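*Asks:* Here you go, one structure.
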Amino acid sequence: MSVLISGVEPHSPAAKKRIRAGDELLAVNGHDIADVLDYRFYIADERVTLSVKTPKKVREVKLRLREGQEPGLTFDTYLMDKQRSCRNNCIFCFIDQLPKGMRETLYFKDDDSRLSFLFGNYVTLTNLTEHEIERIIAMHISPVNVSVHTTDPELRCKMMNNRFAGESLSTLRRFADAGLALNVQLVLVPGYNDGEGLSRTLNDLLAYRPALQSVAAVPVGLTKHREGLTPLRLFTAEEAADTIDRIEKMANRLEQECGDRLFYASDEWYALANRPLPALDKYGELHQLENGVGMSALFKDEFLSALAKIETAAPTGKKTVATGRLAAPLIEECVAAAKEKFSQLEAEVKPIRNDFFGESITVSGLVTGGDLIAQLKGDCGDTVLIPCSMLRREGDLFLDDVSVDDVKTALNAKLRVTDGSGEDFVKALLS
């Protein structure tokens with residue numbers, strides 16, 4: 001098997017050996033290369049031999065790489081292969097709840113174990129072949145991030161609409177036995193895997209220690225675009241409180257036994273239950289920040305620490321801080337602390353109602369450009385602050401394909417995109 005080389009970085013080790021775009025990579029150190037995992041695993045040595053097929057011959061190219069250095073080859077796709085799509089039809093799938101007319105890439109359901117390793121994506125294990133399982137174990141790819149949802153095999157099949165979903169849990173056991181670290185995600189749905197079902201899952205997952213690194217429960221997200229889908233509802237405040245109690249009971253027990261809580265409720269549960277968030281030191285190594293676990297506590301800690309270090313500041317102009325409704329109370333608390341220290345700061349927090357997806361969606365990362373324009377136009381001052389989570393990875397488009405420039409023009413204001421940290425937010429406020 002070969003992979004087409006689409007480009008070579010100038011002055012890189014590969015360029016110095018006259019490897020060219022259009023050549024084909026056949027092997028690294030004698031190992032066939034099927035995709036990015038093979039490639040990254042085998043180029044990690046100091047001395048690397050690439051088997052390269054040119055239009056005229058096959059060359060053996062020897063490279064000597066510094067620690068962390070790569071050969072400098074680029075390929076048509078990052079994975080060097082097609083992205084693996086999901087084989088499930090989960091009753092709570094967020095992509096099924098997207099409105100029509102959005103850009104095509106947003107409708108792709110990925111369930112690719114390689115993205116779990118490279119970017120921290122969560123996978124269900126339902127589309128792994130035996131070869132892929134053995135490769136992950138042999139390469140000791142760790143951690144593996146797994147969407148488990150429930151350890152009840154029949155219920156997992158029902159929730160994921162996949163008759164093999166229960167059987168695939170055996171792969172989790174194999175990974176644990178091989179010593180791979182596991183981060184587990186539980187998307188909870190009222191009447192399905194919450195309550196006593198959640199308690200059962202938490203207890204069952206204890207058997208995966210010491211490989212178990214973290215378990216996070218997040219509430220199902222429901223948009224207003226659920227036509228023809230399984231009828232579901234949101235959690236009540238009482239149910240959210242019960243969920244927190246079950247998770248914290250287990251976490252407190254583990255903290256006493258082994259010093260590691262392991263089990264966490266995402267920040268959204270505390271907002272739903274109207275309860276204060278745990279302190280930052282209750283979140284361990286913050287393995288599941290992207291799931292909103294400990295994100296608020298970390299942000300607040302970063303903000304207050306950075307604010308305390310600033311002795312003088314002369315903020316100018318009126319600033320509007322746009323955020324999702326979930327984070328608004330925290331952001332308001334931070335802005336109030338900054339105003340108390342620097343009275344000349346003129347800033348207002350504007351929680352953005354999500355009209356695009358529906359008012360039940362409250363996270364900042366799903367705020368659209370259209371909603372920003374509609375709710376801030378004519379009343380946003382000189383500068384609007386937004387977190388980078390509102391934009392796609394390239395930093396240019398919101399989910400509704402409205403661009404950063406579109407928002408700037410419509411609001412007639414500067415747009416300052418923060419990196420999501422409390423420290424950068426302080427800088428943006430006081431600049």
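In the structure tokens, chains take letters A, B, ... by order of appearance, with residues numbered from 1 within each chain and ligands from 1 in the order shown.
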Just asking: which residues within range 75-187 of chain A are alpha helix (DSSP H) according to DSSP, as a count of residues only?
*Replies:* 34
*Asks:* Please identify every residue of range 103-196 of chain A that has at least one atom no farther than 12 Å from an atom of range 386-392 of chain A, counting only C-alpha atoms, and for each give the shortest atom pair and the distance in Å to one decimal, arranged by chain then increasing number, as a Markdown table.
*Replies:*
```
| residue | atom | partner | partner_atom | distance |
| --- | --- | --- | --- | --- |
| A:Arg103 | CA | A:Arg392 | CA | 11.8 |
| A:Thr105 | CA | A:Arg392 | CA | 11.3 |
| A:Leu106 | CA | A:Arg392 | CA | 10.4 |
```
*Asks:* Could you give me, as JSON lines, a per-residue list for range 270-343 of chain A showing, wherever an atom lies at most 8 Å from an atom of range 198-219 of chain A, the closest pair of atoms and their distance in Å to one decimal, using only C-alpha atoms and sorting by chain then residue number from low to high?
*Replies:*
```
{"residue": "A:His287", "atom": "CA", "partner": "A:Ser214", "partner_atom": "CA", "distance": 6.7}
{"residue": "A:Gln288", "atom": "CA", "partner": "A:Ala216", "partner_atom": "CA", "distance": 7.1}
{"residue": "A:Asn291", "atom": "CA", "partner": "A:Val218", "partner_atom": "CA", "distance": 7.4}
{"residue": "A:Val293", "atom": "CA", "partner": "A:Ala216", "partner_atom": "CA", "distance": 7.2}
```
*Asks:* Please report, as a Markdown table, each residue of range 237-349 of chain A lying at most 12 Å from range 168-188 of chain A, together with the nearest pair of atoms and the separation in Å rounded to one decimal; use only C-alpha atoms, and order rows by chain and ascending residue number.
*Replies:*
```
| residue | atom | partner | partner_atom | distance |
| --- | --- | --- | --- | --- |
| A:Glu239 | CA | A:Leu188 | CA | 11.0 |
| A:Ala240 | CA | A:Leu188 | CA | 10.3 |
| A:Thr243 | CA | A:Leu188 | CA | 9.3 |
| A:Ile244 | CA | A:Leu188 | CA | 12.0 |
| A:Ile247 | CA | A:Leu186 | CA | 11.6 |
| A:Leu262 | CA | A:Asn183 | CA | 9.4 |
| A:Phe263 | CA | A:Val184 | CA | 9.4 |
| A:Tyr264 | CA | A:Gln185 | CA | 9.9 |
| A:Ala265 | CA | A:Leu186 | CA | 9.7 |
| A:Ser266 | CA | A:Leu186 | CA | 10.2 |
| A:Trp269 | CA | A:Leu188 | CA | 10.8 |
| A:Glu285 | CA | A:Asn183 | CA | 11.7 |
| A:Leu286 | CA | A:Asn183 | CA | 10.9 |
| A:His287 | CA | A:Asn183 | CA | 7.5 |
| A:Gln288 | CA | A:Asn183 | CA | 7.8 |
| A:Leu289 | CA | A:Asn183 | CA | 11.5 |
| A:Glu290 | CA | A:Gln185 | CA | 11.0 |
| A:Asn291 | CA | A:Gln185 | CA | 8.3 |
| A:Gly292 | CA | A:Gln185 | CA | 11.4 |
| A:Val293 | CA | A:Gln185 | CA | 10.8 |
```
*Asks:* May I have the selected residues written with N, CA and C atoms, as a tab-separated table (two decimals), in the first residue's frame?
*Replies:*
```tsv
chain	number	residue	atom	x	y	z
A	239	GLU	N	-34.08	16.32	38.73
A	239	GLU	CA	-33.33	15.21	38.12
A	239	GLU	C	-31.85	15.55	38.00
A	240	ALA	N	-31.56	16.82	37.70
A	240	ALA	CA	-30.16	17.24	37.62
A	240	ALA	C	-29.49	17.11	38.98
A	243	THR	N	-28.75	13.49	39.68
A	243	THR	CA	-27.58	13.06	38.91
A	243	THR	C	-26.29	13.49	39.60
A	244	ILE	N	-26.23	14.73	40.03
A	244	ILE	CA	-25.05	15.23	40.74
A	244	ILE	C	-24.80	14.41	42.00
A	247	ILE	N	-23.29	10.97	41.24
A	247	ILE	CA	-21.91	11.05	40.79
A	247	ILE	C	-20.99	11.46	41.94
A	262	LEU	N	-12.25	10.51	39.88
A	262	LEU	CA	-12.55	9.75	38.66
A	262	LEU	C	-13.89	10.11	38.01
A	263	PHE	N	-14.94	10.28	38.79
A	263	PHE	CA	-16.29	10.51	38.26
A	263	PHE	C	-16.67	11.99	38.40
A	264	TYR	N	-17.18	12.57	37.31
A	264	TYR	CA	-17.46	14.00	37.29
A	264	TYR	C	-18.78	14.29	36.57
A	265	ALA	N	-19.48	15.30	37.09
A	265	ALA	CA	-20.64	15.85	36.39
A	265	ALA	C	-20.19	17.11	35.66
A	266	SER	N	-20.62	17.28	34.43
A	266	SER	CA	-20.23	18.47	33.68
A	266	SER	C	-20.84	19.71	34.31
A	269	TRP	N	-24.75	20.51	34.62
A	269	TRP	CA	-25.63	19.92	35.64
A	269	TRP	C	-25.83	20.88	36.81
A	285	GLU	N	-7.02	16.06	37.18
A	285	GLU	CA	-6.16	16.47	36.07
A	285	GLU	C	-6.91	17.11	34.91
A	286	LEU	N	-8.20	17.38	35.09
A	286	LEU	CA	-9.01	18.05	34.06
A	286	LEU	C	-8.95	17.32	32.72
A	287	HIS	N	-9.17	16.03	32.76
A	287	HIS	CA	-9.07	15.22	31.55
A	287	HIS	C	-10.19	15.51	30.55
A	288	GLN	N	-11.33	16.07	31.02
A	288	GLN	CA	-12.47	16.23	30.13
A	288	GLN	C	-12.95	17.68	30.05
A	289	LEU	N	-12.00	18.58	29.91
A	289	LEU	CA	-12.36	20.00	29.77
A	289	LEU	C	-13.28	20.23	28.57
A	290	GLU	N	-13.01	19.53	27.46
A	290	GLU	CA	-13.81	19.74	26.25
A	290	GLU	C	-15.25	19.30	26.44
A	291	ASN	N	-15.51	18.50	27.46
A	291	ASN	CA	-16.88	18.11	27.78
A	291	ASN	C	-17.51	19.06	28.80
A	292	GLY	N	-16.83	20.17	29.07
A	292	GLY	CA	-17.37	21.12	30.02
A	292	GLY	C	-17.24	20.67	31.45
A	293	VAL	N	-16.23	19.86	31.74
A	293	VAL	CA	-16.02	19.34	33.10
A	293	VAL	C	-14.88	20.13	33.75
```
*Asks:* Out of A:Gly370, A:Gly68, A:Gly422, A:Pro276, which residue has the shortest atom-to-atom distance to Val335 in chain A when counting only C-alpha atoms?
*Replies:* A:Gly422
*Asks:* List the neighbours of range 89-92 of chain A out to 12 Å using only C-alpha atoms; skip same-chain residues closer than 3 positions along the sequence, and give me the result as a ChimeraX atom specification.
*Replies:* /A:85-86,95-98,109-111,124,126,147-149,155-163,165,186-190,192-193,218-223,226,228-234
*Asks:* Taking the backbone alone, and naming residues the way the document does, which bits of range 24-152 of chain A are strand (DSSP E or B) by DSSP, as a count of residues only?
*Replies:* 31
